[in-house]
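Source file: protein_39.pdb. Holds: PDB, C-alpha atoms.
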```pdb
ATOM      1  CA  MET O 148    -181.450-154.045  53.652
ATOM      2  CA  ILE O 149    -183.303-151.215  55.408
ATOM      3  CA  ALA O 150    -180.039-149.592  56.527
ATOM      4  CA  SER O 151    -178.628-149.804  53.012
ATOM      5  CA  ARG O 152    -181.780-148.268  51.525
ATOM      6  CA  THR O 153    -181.759-145.503  54.112
ATOM      7  CA  LEU O 154    -178.168-144.697  53.237
ATOM      8  CA  GLU O 155    -179.063-144.571  49.529
ATOM      9  CA  LEU O 156    -182.026-142.302  50.294
ATOM     10  CA  LEU O 157    -179.756-139.927  52.212
ATOM     11  CA  SER O 158    -177.303-139.880  49.314
ATOM     12  CA  LEU O 159    -180.092-138.959  46.889
ATOM     13  CA  LEU O 160    -181.291-136.116  49.129
ATOM     14  CA  GLN O 161    -177.734-134.802  49.416
ATOM     15  CA  ALA O 162    -177.098-135.025  45.672
ATOM     16  CA  GLN O 163    -180.228-133.147  44.529
ATOM     17  CA  LYS O 164    -181.951-130.162  46.119
ATOM     18  CA  GLU O 165    -185.535-131.458  45.851
ATOM     19  CA  TRP O 166    -187.176-134.817  45.208
ATOM     20  CA  THR O 167    -190.792-135.835  44.708
ATOM     21  CA  GLY O 168    -191.995-138.882  46.592
ATOM     22  CA  ASP O 169    -192.659-140.724  43.330
ATOM     23  CA  GLY O 170    -189.188-139.831  42.066
ATOM     24  CA  LEU O 171    -187.524-141.243  45.197
ATOM     25  CA  ALA O 172    -189.704-144.352  45.075
ATOM     26  CA  GLN O 173    -188.712-144.981  41.467
ATOM     27  CA  ARG O 174    -184.984-144.542  42.179
ATOM     28  CA  LEU O 175    -185.111-146.790  45.244
ATOM     29  CA  GLY O 176    -187.427-149.383  43.704
ATOM     30  CA  VAL O 177    -189.955-149.199  46.544
ATOM     31  CA  SER O 178    -193.437-147.801  47.124
ATOM     32  CA  PRO O 179    -194.134-144.150  48.093
ATOM     33  CA  ARG O 180    -195.330-145.447  51.467
ATOM     34  CA  THR O 181    -191.934-147.081  52.085
ATOM     35  CA  VAL O 182    -190.249-143.804  51.131
ATOM     36  CA  ARG O 183    -192.287-141.982  53.790
ATOM     37  CA  ARG O 184    -191.227-144.530  56.422
ATOM     38  CA  ASP O 185    -187.562-144.158  55.426
ATOM     39  CA  ILE O 186    -187.879-140.354  55.558
ATOM     40  CA  ASN O 187    -189.163-140.640  59.137
ATOM     41  CA  ARG O 188    -186.229-142.935  59.948
ATOM     42  CA  LEU O 189    -183.801-140.258  58.711
ATOM     43  CA  ARG O 190    -185.537-137.666  60.877
ATOM     44  CA  GLU O 191    -185.141-139.928  63.915
ATOM     45  CA  LEU O 192    -181.411-140.079  63.173
ATOM     46  CA  GLY O 193    -181.265-136.290  63.264
ATOM     47  CA  TYR O 194    -181.380-135.405  59.569
ATOM     48  CA  PRO O 195    -183.818-132.492  59.050
ATOM     49  CA  VAL O 196    -185.928-133.522  56.038
ATOM     50  CA  THR O 197    -188.731-131.098  55.177
ATOM     51  CA  ALA O 198    -191.719-132.004  53.023
ATOM     52  CA  THR O 199    -194.565-130.236  51.236
ATOM     53  CA  LYS O 200    -197.925-131.900  50.666
ATOM     54  CA  GLY O 201    -199.958-132.210  47.498
ATOM     55  CA  PRO O 202    -199.457-133.621  43.973
ATOM     56  CA  SER O 203    -196.437-131.388  43.421
ATOM     57  CA  GLY O 204    -195.006-131.947  46.893
ATOM     58  CA  TYR O 205    -191.339-132.608  47.417
ATOM     59  CA  TYR O 206    -188.765-133.657  50.000
ATOM     60  CA  ARG O 207    -185.731-131.543  50.820
ATOM     61  CA  LEU O 208    -182.769-132.056  53.154
ATOM     62  CA  SER O 209    -182.420-128.862  55.198
ATOM     63  CA  ARG O 210    -179.618-127.552  57.390
ATOM     64  CA  GLY O 211    -180.125-128.583  60.992
ATOM     65  CA  ALA O 212    -179.166-126.979  64.282
ATOM     66  CA  ARG O 213    -176.966-129.947  65.146
ATOM     67  CA  LEU O 214    -174.788-132.167  62.975
ATOM     68  CA  PRO O 215    -176.064-135.753  62.919
ATOM     69  CA  PRO O 216    -173.742-138.749  62.647
ATOM     70  CA  LEU O 217    -172.055-139.032  59.266
ATOM     71  CA  ILE O 218    -173.432-142.033  57.378
ATOM     72  CA  ILE O 219    -171.155-143.458  54.692
ATOM     73  CA  ASP O 220    -170.413-146.987  53.585
ATOM     74  CA  ASP O 221    -167.056-148.793  53.768
ATOM     75  CA  GLU O 222    -166.057-147.950  50.192
ATOM     76  CA  GLN O 223    -166.804-144.255  50.740
ATOM     77  CA  ALA O 224    -164.692-144.260  53.918
ATOM     78  CA  ILE O 225    -161.731-145.700  52.019
ATOM     79  CA  ALA O 226    -162.218-143.162  49.209
ATOM     80  CA  ILE O 227    -162.184-140.285  51.707
ATOM     81  CA  ALA O 228    -159.020-141.516  53.415
ATOM     82  CA  LEU O 229    -157.119-142.051  50.176
ATOM     83  CA  SER O 230    -158.345-138.826  48.553
ATOM     84  CA  LEU O 231    -157.359-136.614  51.457
ATOM     85  CA  GLN O 232    -153.950-138.243  51.912
ATOM     86  CA  THR O 233    -153.096-138.120  48.207
ATOM     87  CA  ALA O 234    -154.520-134.665  47.506
ATOM     88  CA  PRO O 235    -152.549-132.625  44.923
ATOM     89  CA  ALA O 236    -149.630-130.683  46.392
ATOM     90  CA  SER O 237    -150.266-127.782  44.004
ATOM     91  CA  VAL O 238    -152.465-125.822  46.449
ATOM     92  CA  THR O 239    -150.703-123.691  49.066
ATOM     93  CA  GLY O 240    -151.069-124.709  52.712
ATOM     94  CA  MET O 241    -153.314-127.734  52.165
ATOM     95  CA  GLY O 242    -151.134-130.258  54.016
ATOM     96  CA  ASP O 243    -152.303-129.378  57.527
ATOM     97  CA  ALA O 244    -155.871-128.704  56.379
ATOM     98  CA  THR O 245    -156.261-132.167  54.848
ATOM     99  CA  LYS O 246    -155.022-133.804  58.077
ATOM    100  CA  ARG O 247    -157.501-131.801  60.152
ATOM    101  CA  ALA O 248    -160.317-132.637  57.724
ATOM    102  CA  LEU O 249    -159.528-136.339  57.980
ATOM    103  CA  ASN O 250    -159.526-136.166  61.799
ATOM    104  CA  SER O 251    -162.850-134.279  61.804
ATOM    105  CA  ILE O 252    -164.460-136.895  59.583
ATOM    106  CA  ARG O 253    -163.182-139.712  61.783
ATOM    107  CA  GLU O 254    -164.948-138.150  64.793
ATOM    108  CA  LEU O 255    -168.283-138.270  62.934
ATOM    109  CA  LEU O 256    -167.988-141.895  61.839
ATOM    110  CA  PRO O 257    -169.294-144.988  63.597
ATOM    111  CA  PRO O 258    -166.497-146.744  65.551
ATOM    112  CA  HIS O 259    -165.957-149.606  63.081
ATOM    113  CA  LEU O 260    -165.594-147.205  60.133
ATOM    114  CA  ALA O 261    -163.318-144.873  62.112
ATOM    115  CA  ARG O 262    -161.037-147.842  62.796
ATOM    116  CA  ARG O 263    -161.195-148.834  59.125
ATOM    117  CA  LEU O 264    -160.275-145.310  58.097
ATOM    118  CA  ALA O 265    -157.282-145.302  60.459
ATOM    119  CA  THR O 266    -155.810-148.372  58.729
ATOM    120  CA  PHE O 267    -155.260-146.388  55.521
ATOM    121  CA  SER O 268    -152.154-144.356  56.259
ATOM    122  CA  VAL O 269    -150.360-143.263  53.076
ATOM    123  CA  GLU O 270    -146.960-141.590  52.773
ATOM    124  CA  GLN O 271    -146.237-139.767  49.502
ATOM    125  CA  ILE O 272    -142.674-139.804  48.210
ATOM    126  CA  GLU O 273    -141.480-137.196  45.735
ATOM    127  CA  ASN O 274    -140.562-138.556  42.323
ATOM    128  CA  ALA O 275    -137.492-136.805  40.940
ATOM    129  CA  TRP O 276    -138.748-137.346  37.387
ATOM    130  CA  GLU O 277    -141.976-135.489  37.997
ATOM    131  CA  LEU O 278    -141.991-131.831  37.030
ATOM    132  CA  ALA O 279    -143.197-130.163  40.226
ATOM    133  CA  PRO O 280    -146.205-127.895  39.591
ATOM    134  CA  PRO O 281    -146.283-124.322  40.898
ATOM    135  CA  GLN O 282    -148.597-123.804  43.852
ATOM    136  CA  VAL O 283    -151.757-121.715  43.777
ATOM    137  CA  ASP O 284    -153.605-119.875  46.538
ATOM    138  CA  PRO O 285    -156.748-121.700  47.774
ATOM    139  CA  ALA O 286    -158.455-118.307  48.122
ATOM    140  CA  LEU O 287    -157.959-117.766  44.381
ATOM    141  CA  LEU O 288    -159.498-121.169  43.669
ATOM    142  CA  ALA O 289    -162.512-120.292  45.817
ATOM    143  CA  GLN O 290    -162.991-116.891  44.154
ATOM    144  CA  LEU O 291    -162.804-118.233  40.617
ATOM    145  CA  SER O 292    -164.987-121.233  41.387
ATOM    146  CA  ALA O 293    -167.675-118.966  42.854
ATOM    147  CA  ALA O 294    -167.406-116.590  39.890
ATOM    148  CA  ALA O 295    -167.921-119.489  37.466
ATOM    149  CA  GLN O 296    -170.952-120.748  39.396
ATOM    150  CA  GLN O 297    -172.563-117.303  39.704
ATOM    151  CA  ARG O 298    -171.446-116.061  36.246
ATOM    152  CA  ASP O 299    -169.600-113.086  37.716
ATOM    153  CA  LEU O 300    -167.285-111.203  35.387
ATOM    154  CA  VAL O 301    -163.758-110.858  36.809
ATOM    155  CA  ARG O 302    -160.758-108.690  35.988
ATOM    156  CA  PHE O 303    -157.107-109.616  36.507
ATOM    157  CA  SER O 304    -153.573-109.199  35.211
ATOM    158  CA  TYR O 305    -152.139-112.194  33.364
ATOM    159  CA  ARG O 306    -148.614-113.091  32.259
ATOM    160  CA  PHE O 307    -148.587-114.407  28.691
ATOM    161  CA  ILE O 308    -145.289-116.263  28.287
ATOM    162  CA  ASN O 309    -145.781-116.807  24.541
ATOM    163  CA  LEU O 310    -145.335-113.078  23.950
ATOM    164  CA  ASP O 311    -141.887-111.719  23.175
ATOM    165  CA  PRO O 312    -140.973-110.164  25.496
ATOM    166  CA  VAL O 313    -143.024-111.826  28.232
ATOM    167  CA  GLU O 314    -145.448-109.263  29.610
ATOM    168  CA  ASP O 315    -148.509-108.865  31.834
ATOM    169  CA  SER O 316    -151.805-107.963  30.177
ATOM    170  CA  GLU O 317    -155.240-107.030  31.497
ATOM    171  CA  VAL O 318    -157.993-109.636  31.131
ATOM    172  CA  LEU O 319    -161.754-109.204  31.534
ATOM    173  CA  ALA O 320    -162.898-112.795  31.813
ATOM    174  CA  GLU O 321    -166.071-114.854  31.967
ATOM    175  CA  PRO O 322    -164.951-117.873  34.075
ATOM    176  CA  HIS O 323    -166.369-121.120  32.775
ATOM    177  CA  ARG O 324    -164.563-124.018  34.467
ATOM    178  CA  LEU O 325    -161.506-124.881  36.564
ATOM    179  CA  VAL O 326    -159.360-127.782  35.374
ATOM    180  CA  VAL O 327    -156.388-129.623  36.918
ATOM    181  CA  TRP O 328    -153.976-131.235  34.471
ATOM    182  CA  SER O 329    -150.500-132.573  35.192
ATOM    183  CA  GLY O 330    -150.693-130.924  38.642
ATOM    184  CA  ARG O 331    -151.320-127.483  37.119
ATOM    185  CA  TRP O 332    -154.486-125.457  37.578
ATOM    186  CA  TYR O 333    -156.228-123.871  34.603
ATOM    187  CA  MET O 334    -159.304-121.727  34.074
ATOM    188  CA  VAL O 335    -161.267-121.965  30.838
ATOM    189  CA  ALA O 336    -162.754-118.514  30.252
ATOM    190  CA  TYR O 337    -163.920-116.071  27.598
ATOM    191  CA  ASP O 338    -161.977-112.798  27.422
ATOM    192  CA  GLN O 339    -164.293-109.905  26.588
ATOM    193  CA  LEU O 340    -161.379-107.606  25.744
ATOM    194  CA  ARG O 341    -160.017-109.999  23.093
ATOM    195  CA  ASN O 342    -163.366-111.537  22.090
ATOM    196  CA  SER O 343    -161.981-115.064  22.300
ATOM    197  CA  TRP O 344    -161.743-118.154  24.500
ATOM    198  CA  HIS O 345    -158.538-118.852  26.421
ATOM    199  CA  THR O 346    -157.051-121.188  29.007
ATOM    200  CA  TYR O 347    -155.397-119.310  31.878
ATOM    201  CA  ARG O 348    -152.822-120.776  34.247
ATOM    202  CA  LEU O 349    -153.921-119.842  37.769
ATOM    203  CA  ASP O 350    -150.341-119.386  38.990
ATOM    204  CA  ARG O 351    -149.943-116.537  36.464
ATOM    205  CA  ILE O 352    -153.047-114.610  37.545
ATOM    206  CA  ARG O 353    -152.387-111.448  39.556
ATOM    207  CA  GLY O 354    -154.690-108.858  41.105
ATOM    208  CA  LEU O 355    -157.972-110.714  40.699
ATOM    209  CA  ALA O 356    -160.867-108.305  41.235
ATOM    210  CA  PRO O 357    -164.624-108.862  40.972
ATOM    211  CA  THR O 358    -166.816-106.577  38.902
ATOM    212  CA  ALA O 359    -170.438-105.558  39.327
ATOM    213  CA  TRP O 360    -171.396-107.337  36.108
ATOM    214  CA  ARG O 361    -172.817-110.737  35.305
ATOM    215  CA  PHE O 362    -172.438-112.564  31.999
ATOM    216  CA  GLY O 363    -174.863-114.740  30.064
ATOM    217  CA  GLN O 364    -174.689-118.283  28.773
ATOM    218  CA  ARG O 365    -171.922-118.908  26.230
ATOM    219  CA  ASP O 366    -170.960-122.227  24.647
ATOM    220  CA  VAL O 367    -167.334-123.299  24.808
ATOM    221  CA  PRO O 368    -165.973-123.730  21.256
ATOM    222  CA  GLU O 369    -164.612-127.200  22.087
ATOM    223  CA  ALA O 370    -166.978-129.758  23.607
ATOM    224  CA  ASP O 371    -164.038-131.759  24.985
ATOM    225  CA  ILE O 372    -162.590-129.552  27.759
ATOM    226  CA  THR O 373    -159.517-131.790  28.070
ATOM    227  CA  ARG O 374    -158.662-131.396  24.400
ATOM    228  CA  PHE O 375    -159.318-127.650  24.578
ATOM    229  CA  VAL O 376    -156.905-127.160  27.496
ATOM    230  CA  GLN O 377    -154.219-129.337  25.923
ATOM    231  CA  SER O 378    -154.470-127.517  22.584
ATOM    232  CA  GLN O 379    -153.690-124.091  24.062
ATOM    233  CA  PRO O 380    -150.156-123.026  23.041
ATOM    234  CA  ASP O 381    -149.652-120.745  26.072
ATOM    235  CA  ARG O 382    -150.165-123.384  28.717
ATOM    236  CA  GLY O 383    -146.603-124.039  29.930
ATOM    237  CA  ASP O 384    -144.476-122.807  32.799
ATOM    238  CA  ALA O 385    -142.505-119.567  32.771
ATOM    239  CA  PRO O 386    -138.812-119.996  31.855
ATOM    240  CA  ASP O 387    -137.632-118.996  35.332
ATOM    241  CA  THR O 388    -139.598-121.877  36.898
ATOM    242  CA  TRP O 389    -136.958-124.461  35.965
ATOM    243  CA  PRO O 390    -133.152-124.556  36.196
ATOM    244  CA  CYS O 391    -132.962-125.848  32.610
ATOM    245  CA  TRP O 392    -135.125-124.435  29.865
ATOM    246  CA  GLY O 393    -134.946-124.796  26.090
ATOM    247  CA  ALA O 394    -136.722-124.757  22.735
ATOM    248  CA  VAL O 395    -136.640-127.165  19.792
ATOM    249  CA  LEU O 396    -138.218-127.410  16.347
ATOM    250  CA  MET O 397    -139.908-130.800  16.205
ATOM    251  CA  GLU O 398    -140.984-132.645  13.063
ATOM    252  CA  CYS O 399    -144.350-133.462  14.601
ATOM    253  CA  PRO O 400    -147.818-131.917  14.084
ATOM    254  CA  ALA O 401    -148.954-129.534  16.812
ATOM    255  CA  THR O 402    -152.018-131.709  17.473
ATOM    256  CA  LEU O 403    -149.776-134.572  18.617
ATOM    257  CA  VAL O 404    -147.478-132.281  20.583
ATOM    258  CA  ALA O 405    -150.524-130.817  22.354
ATOM    259  CA  LYS O 406    -151.802-134.286  23.279
ATOM    260  CA  TRP O 407    -148.580-135.769  24.656
ATOM    261  CA  ALA O 408    -146.530-132.841  25.963
ATOM    262  CA  PRO O 409    -146.912-132.274  29.728
ATOM    263  CA  GLY O 410    -148.589-129.267  31.270
ATOM    264  CA  ALA O 411    -145.154-127.725  31.830
ATOM    265  CA  ALA O 412    -144.674-127.277  28.069
ATOM    266  CA  SER O 413    -145.903-124.646  25.636
ATOM    267  CA  PHE O 414    -145.792-124.897  21.869
ATOM    268  CA  GLU O 415    -146.244-123.052  18.599
ATOM    269  CA  ALA O 416    -147.321-124.513  15.239
ATOM    270  CA  ILE O 417    -144.848-123.414  12.559
ATOM    271  CA  ASP O 418    -146.667-125.311   9.803
ATOM    272  CA  GLU O 419    -148.648-128.547   9.482
ATOM    273  CA  GLN O 420    -145.623-130.725  10.271
ATOM    274  CA  ILE O 421    -143.236-128.543  12.311
ATOM    275  CA  THR O 422    -143.885-127.469  15.902
ATOM    276  CA  ARG O 423    -141.761-125.342  18.187
ATOM    277  CA  ILE O 424    -141.946-126.690  21.743
ATOM    278  CA  ARG O 425    -140.607-124.875  24.803
ATOM    279  CA  MET O 426    -140.288-126.531  28.183
ATOM    280  CA  GLY O 427    -138.122-126.844  31.250
ATOM    281  CA  ALA O 428    -136.771-129.678  33.378
ATOM    282  CA  TRP O 429    -134.520-130.335  36.360
ATOM    283  CA  SER O 430    -131.545-131.157  34.071
ATOM    284  CA  TRP O 431    -130.557-130.767  30.420
ATOM    285  CA  SER O 432    -130.336-134.541  29.961
ATOM    286  CA  ALA O 433    -133.840-134.980  31.392
ATOM    287  CA  LEU O 434    -135.150-132.445  28.902
ATOM    288  CA  ILE O 435    -133.501-134.269  25.984
ATOM    289  CA  GLY O 436    -134.802-137.586  27.311
ATOM    290  CA  PHE O 437    -138.352-136.300  27.248
ATOM    291  CA  LEU O 438    -138.043-134.899  23.717
ATOM    292  CA  VAL O 439    -136.728-138.236  22.419
ATOM    293  CA  THR O 440    -139.959-139.949  23.510
ATOM    294  CA  PHE O 441    -141.766-138.262  20.616
ATOM    295  CA  ASN O 442    -139.831-140.561  18.253
ATOM    296  CA  CYS O 443    -139.299-137.874  15.608
ATOM    297  CA  ARG O 444    -136.467-135.630  14.445
ATOM    298  CA  PHE O 445    -135.985-132.312  16.159
ATOM    299  CA  THR O 446    -133.569-129.416  15.905
ATOM    300  CA  VAL O 447    -132.333-127.736  19.059
ATOM    301  CA  GLU O 448    -132.852-123.981  18.838
ATOM    302  CA  GLY O 449    -131.261-123.174  22.162
ATOM    303  CA  PRO O 450    -129.727-122.556  24.484
ATOM    304  CA  PRO O 451    -126.248-123.953  23.724
ATOM    305  CA  GLU O 452    -126.386-126.065  26.904
ATOM    306  CA  LEU O 453    -129.331-128.015  25.482
ATOM    307  CA  ALA O 454    -127.499-128.652  22.208
ATOM    308  CA  GLU O 455    -124.437-129.860  24.126
ATOM    309  CA  ALA O 456    -126.625-132.158  26.254
ATOM    310  CA  ALA O 457    -128.051-133.649  23.059
ATOM    311  CA  ARG O 458    -124.552-134.428  21.776
ATOM    312  CA  LYS O 459    -123.591-136.035  25.091
ATOM    313  CA  VAL O 460    -126.747-138.151  25.217
ATOM    314  CA  ILE O 461    -126.066-139.430  21.705
ATOM    315  CA  GLY O 462    -122.466-140.216  22.662
ATOM    316  CA  ARG O 463    -123.495-142.147  25.775
ATOM    317  CA  LEU O 464    -125.775-144.527  23.890
ATOM    318  CA  ASP O 465    -123.934-147.834  23.627
ATOM    319  CA  VAL O 466    -126.575-150.324  22.556
ATOM    320  CA  GLU O 467    -125.916-153.610  20.777
ATOM    321  CA  ILE O 468    -128.501-154.115  18.043
ATOM    322  CA  PRO O 469    -128.867-157.625  16.526
ATOM    323  CA  ARG O 470    -128.207-157.753  12.791
ATOM    324  CA  THR O 471    -131.353-158.314  10.730
ATOM    325  CA  GLY O 472    -129.682-158.934   7.382
ATOM    326  CA  ARG O 473    -130.643-155.557   6.035
ATOM    327  CA  HIS O 474    -130.000-151.974   6.986
ATOM    328  CA  SER O 475    -132.769-150.301   8.948
ATOM    329  CA  GLY O 476    -132.110-146.676   9.768
ATOM    330  CA  PRO O 477    -133.441-145.053  12.914
ATOM    331  CA  SER O 478    -136.928-143.541  12.801
ATOM    332  CA  ALA O 479    -135.915-140.647  15.000
ATOM    333  CA  GLY O 480    -132.988-138.278  15.026
ATOM    334  CA  ILE O 481    -131.541-135.198  16.685
ATOM    335  CA  THR O 482    -129.960-132.210  15.082
ATOM    336  CA  ALA O 483    -127.950-130.796  17.952
ATOM    337  CA  SER O 484    -127.015-127.422  16.520
ATOM    338  CA  ALA O 485    -126.442-124.505  18.864
ATOM    339  CA  PRO O 486    -127.963-121.146  17.901
ATOM    340  CA  SER O 487    -125.660-118.913  15.926
TER     341      SER O 487
END
```

Could you write out this file's structure as structure tokens?
Amino acid sequence: MIASRTLELLSLLQAQKEWTGDGLAQRLGVSPRTVRRDINRLRELGYPVTATKGPSGYYRLSRGARLPPLIIDDEQAIAIALSLQTAPASVTGMGDATKRALNSIRELLPPHLARRLATFSVEQIENAWELAPPQVDPALLAQLSAAAQQRDLVRFSYRFINLDPVEDSEVLAEPHRLVVWSGRWYMVAYDQLRNSWHTYRLDRIRGLAPTAWRFGQRDVPEADITRFVQSQPDRGDAPDTWPCWGAVLMECPATLVAKWAPGAASFEAIDEQITRIRMGAWSWSALIGFLVTFNCRFTVEGPPELAEAARKVIGRLDVEIPRTGRHSGPSAGITASAPS
């Protein structure tokens, strides 16, 4: 019981910069006197906890000259092992770093937890149906994360693929948050040059440079960050990312396309019911197969290879459907017309 409470106390001190004695006592369900005894126990273990006296006094976990043993419970050990071994492969050069991090953590654990951690050895196998995300530089992640935390204005060149022709444009951005979706990294930011909020794909950012300016508090127009990122039409991959790339006009509202299309896709609302969706895949048939999952009619705009793949997919379908006594037409269809 004491060991468990001490571990919880350490977690609280690590999670928040400062705690009052009464605040810790309330969270732990013990008396302030018991909190003081547990604080002394942490100090004996090597954790440097500083304290100030008086009614407004507080406890703080400081950086020590030596690293004390790492105290985590069994569930946390399993979470660390699985998280590091299944980390996203969308960050450049992280494979070796995650292995070294896992080995470093094992050296800090008590023997029984180190052995427990070693039992969780996971091997990831590539799924051919997954659309592999482009990799990003960890240094870029660090720079943008720090800029968002410190509210530093940044400048960079960005490739907007929804422009015709595709071109690079200058952006003066207020970084708000980094988001990972479908293996792709995004930054939600306000562009001061365009006076509007945007979602930027990190793999399309070039020449990131800090400025000497800070920006103030600004509310994101969409409270749901997930919905905001998904609703951005210029979120997909560049055409040269995939061997097969095409565009279709889909009889489906853009709100539904935004929700269910993967991060590799970009889209454009033609009207309330028609949406142009552009995306790539590892084969033309795979691209058609994905589009069919929307269960609505669509017209292939191009290229001709995509229209031909649609015809072939239709021709390959040889399904026996039981008779129901009445005709029931399909709810979805394909217009496989090549561009003129």

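With distances restricted to all atoms listed in the file, O:Asp220 is the closest residue to Leu154 in chain O from O:Ser292, O:Arg183, O:Asp220, O:Leu208.
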
Name every residue that the PyMOL selection byres ((chain O and resi 158) around 12) selects in this structure, writing the answer as a PDB file with C-alpha atoms, keeping the file's coordinate frame with chains first and numbers rising.
```
ATOM      1  CA  SER O 151    -178.628-149.804  53.012  1.00  0.00           C
ATOM      2  CA  ARG O 152    -181.780-148.268  51.525  1.00  0.00           C
ATOM      3  CA  THR O 153    -181.759-145.503  54.112  1.00  0.00           C
ATOM      4  CA  LEU O 154    -178.168-144.697  53.237  1.00  0.00           C
ATOM      5  CA  GLU O 155    -179.063-144.571  49.529  1.00  0.00           C
ATOM      6  CA  LEU O 156    -182.026-142.302  50.294  1.00  0.00           C
ATOM      7  CA  LEU O 157    -179.756-139.927  52.212  1.00  0.00           C
ATOM      8  CA  LEU O 159    -180.092-138.959  46.889  1.00  0.00           C
ATOM      9  CA  LEU O 160    -181.291-136.116  49.129  1.00  0.00           C
ATOM     10  CA  GLN O 161    -177.734-134.802  49.416  1.00  0.00           C
ATOM     11  CA  ALA O 162    -177.098-135.025  45.672  1.00  0.00           C
ATOM     12  CA  GLN O 163    -180.228-133.147  44.529  1.00  0.00           C
ATOM     13  CA  LYS O 164    -181.951-130.162  46.119  1.00  0.00           C
ATOM     14  CA  TRP O 166    -187.176-134.817  45.208  1.00  0.00           C
ATOM     15  CA  LEU O 171    -187.524-141.243  45.197  1.00  0.00           C
ATOM     16  CA  ARG O 174    -184.984-144.542  42.179  1.00  0.00           C
ATOM     17  CA  LEU O 175    -185.111-146.790  45.244  1.00  0.00           C
ATOM     18  CA  LEU O 189    -183.801-140.258  58.711  1.00  0.00           C
ATOM     19  CA  TYR O 194    -181.380-135.405  59.569  1.00  0.00           C
ATOM     20  CA  ARG O 207    -185.731-131.543  50.820  1.00  0.00           C
ATOM     21  CA  LEU O 208    -182.769-132.056  53.154  1.00  0.00           C
ATOM     22  CA  LEU O 217    -172.055-139.032  59.266  1.00  0.00           C
ATOM     23  CA  ILE O 218    -173.432-142.033  57.378  1.00  0.00           C
ATOM     24  CA  ILE O 219    -171.155-143.458  54.692  1.00  0.00           C
ATOM     25  CA  ASP O 220    -170.413-146.987  53.585  1.00  0.00           C
ATOM     26  CA  GLN O 223    -166.804-144.255  50.740  1.00  0.00           C
TER      27      GLN O 223
END
```

(request) Using the chain letters and numbers from the file, give me the residues hit by the PyMOL selection byres ((chain O and resi 221) around 12), as an MDAnalysis selection string. (result) chainID O and resid 151 154 218:220 222:228 256:264

Keeping only C-alpha atoms, write those residues as a short mmCIF file (atom, residue, chain, number, x, y, z; two decimals), keeping the file's coordinate frame.
```cif
data_model
loop_
_atom_site.label_atom_id
_atom_site.label_comp_id
_atom_site.auth_asym_id
_atom_site.auth_seq_id
_atom_site.Cartn_x
_atom_site.Cartn_y
_atom_site.Cartn_z
CA SER O 151 -178.63 -149.80 53.01
CA LEU O 154 -178.17 -144.70 53.24
CA ILE O 218 -173.43 -142.03 57.38
CA ILE O 219 -171.16 -143.46 54.69
CA ASP O 220 -170.41 -146.99 53.58
CA GLU O 222 -166.06 -147.95 50.19
CA GLN O 223 -166.80 -144.26 50.74
CA ALA O 224 -164.69 -144.26 53.92
CA ILE O 225 -161.73 -145.70 52.02
CA ALA O 226 -162.22 -143.16 49.21
CA ILE O 227 -162.18 -140.28 51.71
CA ALA O 228 -159.02 -141.52 53.42
CA LEU O 256 -167.99 -141.90 61.84
CA PRO O 257 -169.29 -144.99 63.60
CA PRO O 258 -166.50 -146.74 65.55
CA HIS O 259 -165.96 -149.61 63.08
CA LEU O 260 -165.59 -147.21 60.13
CA ALA O 261 -163.32 -144.87 62.11
CA ARG O 262 -161.04 -147.84 62.80
CA ARG O 263 -161.20 -148.83 59.12
CA LEU O 264 -160.28 -145.31 58.10
#
```

(request) Using all atoms listed in the file, pick whichever of O:Val367, O:Ile308, O:Val326, O:Leu453 has the shortest atom-to-atom distance to Gly383 in chain O. (result) O:Ile308

(request) Extract, using all atoms listed in the file, all DNA, RNA and protein residues at most 9 Å from Gly410 in chain O, discarding same-chain residues fewer than 3 positions from it, and format them as a PyMOL selection string. (result) chain O and resi 280+328-331+377+382-384+413

(request) Mind giving me the straight-line distance from CA of Asn250 in chain O to CA of Ser230 in chain O in Å, one decimal? (result)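 Atom-to-atom, CA of Asn250 in chain O and CA of Ser230 in chain O are spaced 13.6 Å apart.
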
For Ala172 in chain O, work out the shell of residues within 9 Å, counting all atoms listed in the file and skipping chain neighbours fewer than 6 positions away, then give it as a short mmCIF file (atom, residue, chain, number, x, y, z; two decimals) with C-alpha atoms, in the coordinates of the input.
```cif
data_model
loop_
_atom_site.label_atom_id
_atom_site.label_comp_id
_atom_site.auth_asym_id
_atom_site.auth_seq_id
_atom_site.Cartn_x
_atom_site.Cartn_y
_atom_site.Cartn_z
CA SER O 178 -193.44 -147.80 47.12
CA PRO O 179 -194.13 -144.15 48.09
CA ARG O 180 -195.33 -145.45 51.47
CA THR O 181 -191.93 -147.08 52.08
CA VAL O 182 -190.25 -143.80 51.13
#
```

(request) Tell me which of O:Ala294, O:Ala320, O:Val238, O:Ile421 sits closest to Gln282 in chain O, counting all atoms listed in the file. (result) O:Val238

(request) Given the file shown, determine the residues that the PyMOL selection byres ((chain O and resi 395-406) around 8) selects; report them as a ChimeraX atom specification. (result) /O:374,377-380,393-394,407-408,414-416,418-425,443-449

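Using all atoms listed in the file, the shortest contact distance between Ala265 in chain O and any of O:Thr239, O:Gly176, O:Asp338, O:Leu229 is found at O:Leu229.
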
(message) With distances taken over all atoms listed in the file, which residue among O:Ser209, O:Ala456, O:Asp284, O:Thr358 lies nearest Ser237 in chain O?
(response)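 Using all atoms listed in the file, Ser237 in chain O sits closest to O:Asp284.
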
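Distance check against Leu231 in chain O using all atoms listed in the file: of O:Lys246, O:Arg190, O:Arg253, O:Arg353, the minimum falls on O:Lys246.
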
(request) Kindly give the distance, in Å, that separates CA of Pro322 in chain O and CA of Pro281 in chain O, rounded to a single decimal. (result) 20.9 Å
